[in-house]
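Text of the file structure-v5.csv, holding CSV, C-alpha atoms (C1' of nucleotides):
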```csv
chain,number,residue,atom,x,y,z
A,1,MET,CA,-81.1,14.5,46.7
A,2,PRO,CA,-81.7,11.0,45.5
A,3,GLU,CA,-80.1,10.1,42.2
A,4,LEU,CA,-79.4,6.6,40.9
A,5,PRO,CA,-77.0,5.5,43.7
A,6,GLU,CA,-79.3,6.7,46.5
A,7,VAL,CA,-82.4,5.1,44.9
A,8,GLU,CA,-80.5,1.9,44.5
A,9,VAL,CA,-79.6,1.9,48.2
A,10,VAL,CA,-83.3,2.3,49.0
A,11,ARG,CA,-84.2,-0.5,46.6
A,12,ARG,CA,-81.8,-2.8,48.4
A,13,GLY,CA,-83.4,-1.9,51.7
A,14,LEU,CA,-86.9,-2.7,50.3
A,15,ALA,CA,-85.6,-6.0,48.9
A,16,ASP,CA,-84.3,-6.9,52.4
A,17,HIS,CA,-87.3,-5.7,54.5
A,18,VAL,CA,-90.4,-5.7,52.3
A,19,VAL,CA,-90.1,-8.2,49.5
A,20,GLY,CA,-91.8,-11.5,50.4
A,21,ARG,CA,-94.4,-9.9,52.6
A,22,THR,CA,-98.1,-9.3,52.0
A,23,ILE,CA,-99.7,-5.8,52.3
A,24,GLU,CA,-102.5,-5.9,54.9
A,25,ARG,CA,-103.5,-2.2,54.8
A,26,ALA,CA,-102.4,0.8,52.8
A,27,GLU,CA,-103.1,4.5,53.5
A,28,PHE,CA,-102.4,7.6,51.4
A,29,ARG,CA,-102.8,11.1,52.8
A,30,GLY,CA,-103.3,14.2,50.8
A,31,ALA,CA,-104.1,14.4,47.1
A,32,ARG,CA,-100.6,14.6,45.7
A,33,VAL,CA,-98.9,11.4,46.8
A,34,ALA,CA,-101.2,9.1,44.8
A,35,ARG,CA,-100.1,10.2,41.3
A,36,ARG,CA,-102.5,10.3,38.4
A,37,HIS,CA,-104.8,7.9,40.2
A,38,LEU,CA,-108.2,9.3,39.1
A,39,PRO,CA,-110.4,7.2,41.4
A,40,GLY,CA,-108.4,8.8,44.3
A,41,PRO,CA,-106.2,7.8,47.2
A,42,LEU,CA,-108.8,5.6,49.0
A,43,ASP,CA,-109.3,3.5,45.9
A,44,LEU,CA,-105.5,3.2,45.4
A,45,ALA,CA,-105.1,2.0,49.0
A,46,ALA,CA,-108.0,-0.5,48.6
A,47,ARG,CA,-106.4,-2.0,45.5
A,48,LEU,CA,-103.1,-2.7,47.3
A,49,GLU,CA,-104.5,-4.6,50.2
A,50,GLY,CA,-103.8,-8.3,50.0
A,51,ASN,CA,-101.1,-8.0,47.4
A,52,HIS,CA,-97.9,-10.0,47.8
A,53,ILE,CA,-94.6,-8.1,47.2
A,54,GLN,CA,-92.5,-10.2,44.8
A,55,GLU,CA,-89.7,-7.9,43.9
A,56,ALA,CA,-88.1,-4.5,44.3
A,57,ARG,CA,-86.9,-3.1,41.0
A,58,ARG,CA,-85.4,0.1,39.8
A,59,ARG,CA,-84.7,2.0,36.5
A,60,GLY,CA,-82.8,5.2,36.9
A,61,LYS,CA,-84.5,7.1,39.7
A,62,TYR,CA,-87.7,5.2,39.5
A,63,LEU,CA,-88.4,2.4,42.0
A,64,TRP,CA,-91.2,-0.1,41.9
A,65,LEU,CA,-92.5,-3.1,43.8
A,66,VAL,CA,-93.8,-6.0,41.7
A,67,LEU,CA,-97.1,-6.9,43.3
A,68,ARG,CA,-99.1,-10.1,42.8
A,69,ALA,CA,-102.8,-9.9,43.6
A,70,PRO,CA,-104.6,-12.9,45.1
A,71,ASP,CA,-106.0,-13.7,41.6
A,72,GLY,CA,-102.4,-13.8,40.3
A,73,HIS,CA,-102.4,-10.5,38.4
A,74,GLN,CA,-99.1,-8.6,38.5
A,75,GLN,CA,-98.8,-4.9,38.8
A,76,GLY,CA,-96.1,-2.4,39.7
A,77,LEU,CA,-96.3,0.0,42.7
A,78,ILE,CA,-94.1,2.9,41.5
A,79,ALA,CA,-92.3,5.1,44.0
A,80,HIS,CA,-90.4,8.2,42.9
A,81,LEU,CA,-88.5,10.0,45.7
A,82,GLY,CA,-88.4,13.4,44.0
A,83,MET,CA,-85.9,15.4,45.8
A,84,SER,CA,-86.8,14.8,49.4
A,85,GLY,CA,-88.7,11.5,49.5
A,86,GLN,CA,-87.9,8.8,52.0
A,87,LEU,CA,-89.1,5.2,52.4
A,88,LEU,CA,-88.8,4.2,56.0
A,89,VAL,CA,-89.1,0.8,57.6
A,90,GLU,CA,-90.2,1.4,61.1
A,91,PRO,CA,-92.2,-0.1,64.0
A,92,SER,CA,-95.8,0.9,63.8
A,93,GLU,CA,-95.6,2.6,67.2
A,94,ALA,CA,-93.0,5.0,65.9
A,95,PRO,CA,-94.3,8.6,66.0
A,96,GLU,CA,-95.7,9.9,62.8
A,97,GLU,CA,-93.4,12.0,60.7
A,98,LYS,CA,-94.5,15.6,60.0
A,99,HIS,CA,-94.6,14.9,56.2
A,100,LEU,CA,-95.9,11.3,56.3
A,101,HIS,CA,-97.8,10.7,53.0
A,102,ALA,CA,-98.3,7.0,52.9
A,103,ARG,CA,-98.0,3.9,55.2
A,104,PHE,CA,-98.3,0.2,54.6
A,105,THR,CA,-98.8,-2.5,57.2
A,106,PHE,CA,-98.2,-6.1,56.6
A,107,ALA,CA,-99.9,-9.4,57.3
A,108,ASP,CA,-96.9,-10.6,59.3
A,109,GLY,CA,-96.9,-7.6,61.6
A,110,ASP,CA,-94.0,-5.1,62.1
A,111,PRO,CA,-92.2,-3.3,60.8
A,112,GLU,CA,-94.3,-1.2,58.5
A,113,LEU,CA,-93.3,0.9,55.5
A,114,ARG,CA,-93.7,4.6,55.3
A,115,PHE,CA,-93.4,7.2,52.5
A,116,VAL,CA,-92.3,10.5,53.9
A,117,ASP,CA,-91.6,13.6,51.7
A,118,GLN,CA,-91.1,17.1,52.8
A,119,ARG,CA,-91.4,18.8,49.4
A,120,THR,CA,-93.8,16.3,47.8
A,121,PHE,CA,-92.0,16.3,44.5
A,122,GLY,CA,-92.1,12.5,44.9
A,123,GLY,CA,-95.1,10.3,44.6
A,124,MET,CA,-96.5,6.8,44.2
A,125,ALA,CA,-98.6,5.1,41.5
A,126,LEU,CA,-100.0,1.7,40.7
A,127,ALA,CA,-99.6,0.7,37.1
A,128,GLU,CA,-99.7,-2.3,34.7
A,129,LEU,CA,-96.4,-3.8,33.7
A,130,THR,CA,-95.2,-3.9,30.1
A,131,PRO,CA,-94.1,-7.2,28.5
A,132,GLU,CA,-90.6,-6.1,29.5
A,133,GLY,CA,-91.7,-6.0,33.1
A,134,VAL,CA,-91.5,-2.2,33.4
A,135,PRO,CA,-94.5,-0.2,34.7
A,136,GLU,CA,-96.2,1.7,31.9
A,137,PRO,CA,-95.4,5.2,33.3
A,138,VAL,CA,-91.7,4.2,33.4
A,139,ALA,CA,-91.6,2.9,29.9
A,140,HIS,CA,-90.3,6.2,28.4
A,141,ILE,CA,-87.4,6.2,30.8
A,142,ALA,CA,-84.1,5.0,29.2
A,143,PRO,CA,-82.0,2.3,30.7
A,144,ASP,CA,-79.6,3.5,33.3
A,145,PRO,CA,-75.8,2.9,33.0
A,146,LEU,CA,-75.8,0.1,35.6
A,147,GLU,CA,-78.4,-2.2,33.9
A,148,ALA,CA,-77.8,-4.8,31.3
A,149,ALA,CA,-80.1,-3.1,28.7
A,150,TYR,CA,-77.9,0.0,28.7
A,151,ASP,CA,-76.4,0.5,25.3
A,152,GLN,CA,-73.8,3.2,25.5
A,153,ALA,CA,-72.9,3.2,21.8
A,154,ALA,CA,-76.6,3.9,21.0
A,155,VAL,CA,-76.7,6.7,23.6
A,156,VAL,CA,-73.6,8.3,22.1
A,157,ARG,CA,-75.1,8.2,18.6
A,158,ARG,CA,-78.3,9.9,19.8
A,159,MET,CA,-76.4,12.5,21.8
A,160,LYS,CA,-74.2,13.4,18.8
A,161,THR,CA,-77.3,14.5,16.9
A,162,ARG,CA,-78.5,16.8,19.6
A,163,ASP,CA,-78.2,20.6,19.4
A,164,SER,CA,-78.4,21.1,23.1
A,165,ALA,CA,-75.9,21.4,26.0
A,166,VAL,CA,-74.3,18.2,27.1
A,167,LYS,CA,-75.4,18.7,30.7
A,168,ARG,CA,-79.0,19.0,29.5
A,169,ALA,CA,-78.6,15.7,27.7
A,170,LEU,CA,-77.1,14.0,30.8
A,171,LEU,CA,-80.2,15.1,32.7
A,172,ASP,CA,-82.6,13.9,30.1
A,173,GLN,CA,-84.0,10.7,31.5
A,174,SER,CA,-85.3,9.5,28.1
A,175,LEU,CA,-81.7,9.5,26.8
A,176,VAL,CA,-79.9,7.9,29.8
A,177,SER,CA,-81.5,7.7,33.2
A,178,GLY,CA,-80.3,8.0,36.8
A,179,VAL,CA,-78.2,11.1,36.5
A,180,GLY,CA,-79.2,14.3,38.3
A,181,ASN,CA,-77.6,17.6,38.9
A,182,ILE,CA,-75.0,16.3,41.4
A,183,TYR,CA,-73.6,13.4,39.3
A,184,ALA,CA,-73.9,15.4,36.1
A,185,ASP,CA,-71.5,18.0,37.5
A,186,GLU,CA,-69.2,15.3,38.9
A,187,ALA,CA,-69.1,13.4,35.6
A,188,LEU,CA,-68.4,16.6,33.6
A,189,TRP,CA,-65.6,17.6,36.1
A,190,ARG,CA,-64.0,14.2,35.7
A,191,ALA,CA,-64.3,14.3,31.9
A,192,GLN,CA,-63.0,17.9,31.9
A,193,VAL,CA,-66.0,19.1,29.7
A,194,HIS,CA,-68.1,22.2,30.4
A,195,GLY,CA,-71.8,21.4,30.6
A,196,GLU,CA,-72.7,24.1,28.1
A,197,ARG,CA,-70.8,22.5,25.3
A,198,LEU,CA,-73.2,21.3,22.6
A,199,CYS,CA,-73.5,17.6,22.2
A,200,SER,CA,-73.2,18.0,18.5
A,201,SER,CA,-69.9,19.9,18.9
A,202,LEU,CA,-68.3,17.2,21.0
A,203,THR,CA,-66.6,14.2,19.4
A,204,LYS,CA,-68.0,10.7,20.0
A,205,PRO,CA,-65.0,9.7,22.1
A,206,ALA,CA,-65.6,12.8,24.3
A,207,LEU,CA,-69.3,11.9,24.7
A,208,ARG,CA,-68.2,8.4,25.5
A,209,ARG,CA,-65.8,9.7,28.2
A,210,VAL,CA,-68.6,11.8,29.8
A,211,LEU,CA,-70.9,8.8,29.9
A,212,ASP,CA,-68.1,6.5,31.2
A,213,HIS,CA,-67.5,9.0,34.0
A,214,ALA,CA,-71.2,9.3,34.8
A,215,ARG,CA,-71.3,5.5,35.2
A,216,GLU,CA,-68.1,5.4,37.3
A,217,VAL,CA,-69.0,8.2,39.6
A,218,MET,CA,-72.4,6.7,40.3
A,219,LEU,CA,-70.8,3.3,41.0
A,220,ALA,CA,-68.3,4.9,43.4
A,221,ALA,CA,-71.2,6.7,45.2
A,222,LEU,CA,-73.1,3.4,45.4
A,223,GLY,CA,-70.0,1.9,47.0
A,224,GLU,CA,-70.2,4.5,49.7
A,225,GLY,CA,-74.0,4.4,50.2
A,226,GLY,CA,-75.0,7.4,48.2
A,227,THR,CA,-74.8,11.2,48.6
A,228,SER,CA,-76.6,13.2,51.3
A,229,PHE,CA,-76.3,16.9,52.3
A,230,ASP,CA,-78.8,17.3,55.0
A,231,ALA,CA,-81.2,15.0,56.8
A,232,LEU,CA,-83.6,15.0,53.8
A,233,TYR,CA,-82.3,11.9,52.1
A,234,VAL,CA,-82.3,8.8,54.3
A,235,ASN,CA,-82.2,5.2,53.1
A,236,VAL,CA,-84.8,2.6,53.9
A,237,ASN,CA,-83.2,2.0,57.3
A,238,GLY,CA,-82.8,5.7,58.2
A,239,ALA,CA,-79.1,5.9,57.6
A,240,SER,CA,-77.6,8.7,55.5
A,241,GLY,CA,-75.0,8.2,52.8
A,242,TYR,CA,-71.8,10.0,52.9
A,243,PHE,CA,-70.4,10.3,49.4
A,244,ASP,CA,-70.7,14.1,49.7
A,245,ARG,CA,-67.2,14.0,51.2
A,246,SER,CA,-65.9,12.8,47.8
A,247,LEU,CA,-67.4,15.5,45.6
A,248,HIS,CA,-65.0,17.4,43.4
A,249,ALA,CA,-67.3,20.0,41.8
A,250,TYR,CA,-70.9,20.0,43.1
A,251,GLY,CA,-71.3,22.5,45.9
A,252,GLN,CA,-67.6,23.3,45.9
A,253,GLU,CA,-67.8,27.0,44.8
A,254,GLY,CA,-64.8,28.9,45.9
A,255,ARG,CA,-62.8,25.9,46.8
A,256,PRO,CA,-59.7,24.9,44.9
A,257,CYS,CA,-60.1,22.3,42.1
A,258,ASP,CA,-58.7,19.0,43.2
A,259,ARG,CA,-56.9,18.7,39.9
A,260,CYS,CA,-55.4,22.1,39.2
A,261,GLY,CA,-56.1,24.3,42.2
A,262,THR,CA,-58.2,26.9,40.3
A,263,LEU,CA,-61.2,28.0,42.4
A,264,ILE,CA,-64.4,26.1,41.5
A,265,ARG,CA,-67.1,28.4,40.0
A,266,ARG,CA,-70.9,28.4,40.2
A,267,GLU,CA,-73.0,29.3,37.2
A,268,ALA,CA,-76.8,29.4,36.6
A,269,PHE,CA,-78.0,26.7,34.4
A,270,MET,CA,-81.6,25.6,33.7
A,271,ASN,CA,-82.9,27.4,36.8
A,272,ARG,CA,-80.4,25.7,39.0
A,273,SER,CA,-76.7,25.7,39.6
A,274,SER,CA,-73.8,24.2,37.9
A,275,PHE,CA,-70.3,23.9,39.4
A,276,SER,CA,-67.2,23.5,37.4
A,277,CYS,CA,-63.5,24.3,37.2
A,278,PRO,CA,-62.8,27.4,35.0
A,279,HIS,CA,-59.4,25.9,34.0
A,280,CYS,CA,-60.2,22.2,33.4
A,281,GLN,CA,-63.6,22.9,32.0
A,282,PRO,CA,-63.5,26.1,29.8
A,283,ARG,CA,-66.8,27.5,28.7
A,284,PRO,CA,-67.5,27.1,25.0
A,285,ARG,CA,-67.4,30.1,22.8
A,286,LEU,CA,-70.6,32.0,22.8
A,287,ARG,CA,-73.0,31.0,20.1
A,288,HIS,CA,-74.2,33.8,17.8
A,289,GLY,CA,-76.5,34.1,14.8
B,290,DC,C1',-90.5,16.5,15.8
B,291,DT,C1',-87.0,19.0,18.9
B,292,DT,C1',-85.8,22.1,22.4
B,293,DT,C1',-86.8,25.3,26.2
B,294,DT,C1',-89.4,27.1,30.0
B,295,DC,C1',-92.6,26.8,33.7
B,296,DT,C1',-94.5,24.7,37.8
B,297,DC,C1',-95.2,21.9,41.8
B,298,DC,C1',-93.4,22.1,47.3
B,299,DT,C1',-91.4,23.6,52.0
B,300,DG,C1',-87.4,24.1,55.1
B,301,DT,C1',-83.3,26.7,55.5
B,302,DA,C1',-80.3,30.6,54.8
B,303,DT,C1',-79.7,35.4,53.9
B,304,DG,C1',-80.7,40.4,53.5
B,305,DC,C1',-82.9,44.7,54.9
C,306,DT,C1',-86.9,40.7,65.9
C,307,DG,C1',-89.7,40.0,61.8
C,308,DC,C1',-90.7,39.8,57.2
C,309,DA,C1',-89.4,39.1,52.3
C,310,DT,C1',-86.8,36.8,49.1
C,311,DA,C1',-83.6,33.2,47.1
C,312,DC,C1',-82.5,28.6,46.8
C,313,DA,C1',-82.5,23.5,46.7
C,314,DG,C1',-84.2,20.5,42.0
C,315,DG,C1',-86.8,15.9,39.3
C,316,DA,C1',-89.9,15.6,35.8
C,317,DG,C1',-93.9,16.3,33.2
C,318,DA,C1',-96.8,19.7,31.1
C,319,DA,C1',-96.8,23.5,28.3
C,320,DA,C1',-94.8,26.6,25.2
C,321,DA,C1',-91.9,28.0,21.5
```

Exercise: express the given structure as structure tokens:
Amino acid sequence: MPELPEVEVVRRGLADHVVGRTIERAEFRGARVARRHLPGPLDLAARLEGNHIQEARRRGKYLWLVLRAPDGHQQGLIAHLGMSGQLLVEPSEAPEEKHLHARFTFADGDPELRFVDQRTFGGMALAELTPEGVPEPVAHIAPDPLEAAYDQAAVVRRMKTRDSAVKRALLDQSLVSGVGNIYADEALWRAQVHGERLCSSLTKPALRRVLDHAREVMLAALGEGGTSFDALYVNVNGASGYFDRSLHAYGQEGRPCDRCGTLIRREAFMNRSSFSCPHCQPRPRLRHG
DNA sequence: CTTTTCTCCTGTATGC
DNA sequence: TGCATACAGGAGAAAA
């Protein structure tokens, strides 16, 4: 399930294999992959043809290619992988994947680029860039902990005023981006904080610790090529990451905590699952009123 | 405004 | 064996 480290691995792959090339033809299949493009997928494809790819950029879980049209106009081609999206660089003769949603061929020939997504939570969009160089639909996404614009002190101040669970805040991409369910659970385990603790009830140093750990666990995962659990997440070259061997909380229900040996528990949270250590991460007292 | 819930999708695992 | 159900979950819309 692609979170920041996995998306960064894909971005690097795009930088290596797609940047510097010119799109010859684009094709979108189905109505969902071309997001919010009212003129439709055929129009979107036509607009991409002849564009030169200048850069592959990322903020949080959003990826975009900086395109330059023949007339010099720059736009961003956004790609969000959702939870099962893949960008594959392949020879054009490669058999079509079952859930192939888009393909791009280039003026210099093979390889081509494909967007494959089983669950179609992901999608692509063409958008204008803001003066800061971010596509407009991405402008509301906060900087992620690995970019220069990330201001952790400001994030801590905003979190401190929130009357919501700290895990909910970690997952709020408008507060800090790039963190998903896996790395949220890992960061909370490392910080020894239960995700149901209210932001406003935690001290600023505790909030700082949670964010520090989120940054560190994502950096560690990036060093190992990202996390993967099944064949769904594959990087741009088709190779899976393997950080899942290093997880301490996520998916570890019933296994002993690597710090204290207490069995890791699973709890329902926001219509999904949270994993934590009952001893290291005690639940907050129930709110009442 | 802030906060929470719902919805989109399909392959895999589990239960009867 | 077959069918029904639960689950995975990012993010934006909708609701509260």

Checklist line | All residues 12 Å or closer to DA311 in chain C, all atoms listed in the file, same chain fewer than 6 positions away omitted, as a list of chain:residue names | finding: A:Asn271, A:Arg272, B:DT301, B:DA302, B:DT303, B:DG304

Item checked: Residues of chain A within 10 Å of chain C, all atoms listed in the file counted, as a list in words -> Met1, Pro2, Glu3, Lys61, His80, Leu81, Gly82, Met83, Ser84, Phe121, Gly122, Leu171, Asp172, Gln173, Gly180, Asn181, Asn271, Arg272 and Ser273 of chain A

Next item on the list: For chain B, work out the contacting residues on chain A at 9 Å, counting only C-alpha atoms (C1' of nucleotides), and write them as a list in words.
Entry: Gln118, Arg119, Thr120, Phe121, Arg162, Asp163, Ser164 and Met270 of chain A

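CA of Ser177 in chain A sits 24.3 Å away from CA of Val19 in chain A.
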
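CA of Ala127 in chain A is found 26.9 Å from CA of Leu170 in chain A.
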
Checklist line | CA of Ala184 in chain A to CA of Glu267 in chain A, distance in Å rounded to a single decimal | finding: 14.0 Å

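Residue neighbourhood of Arg68 in chain A, excluding near-sequence residues (fewer than 4 positions): Asn51, His52, Gly72, His73 and Gln74 of chain A, at 6 Å, using all atoms listed in the file.
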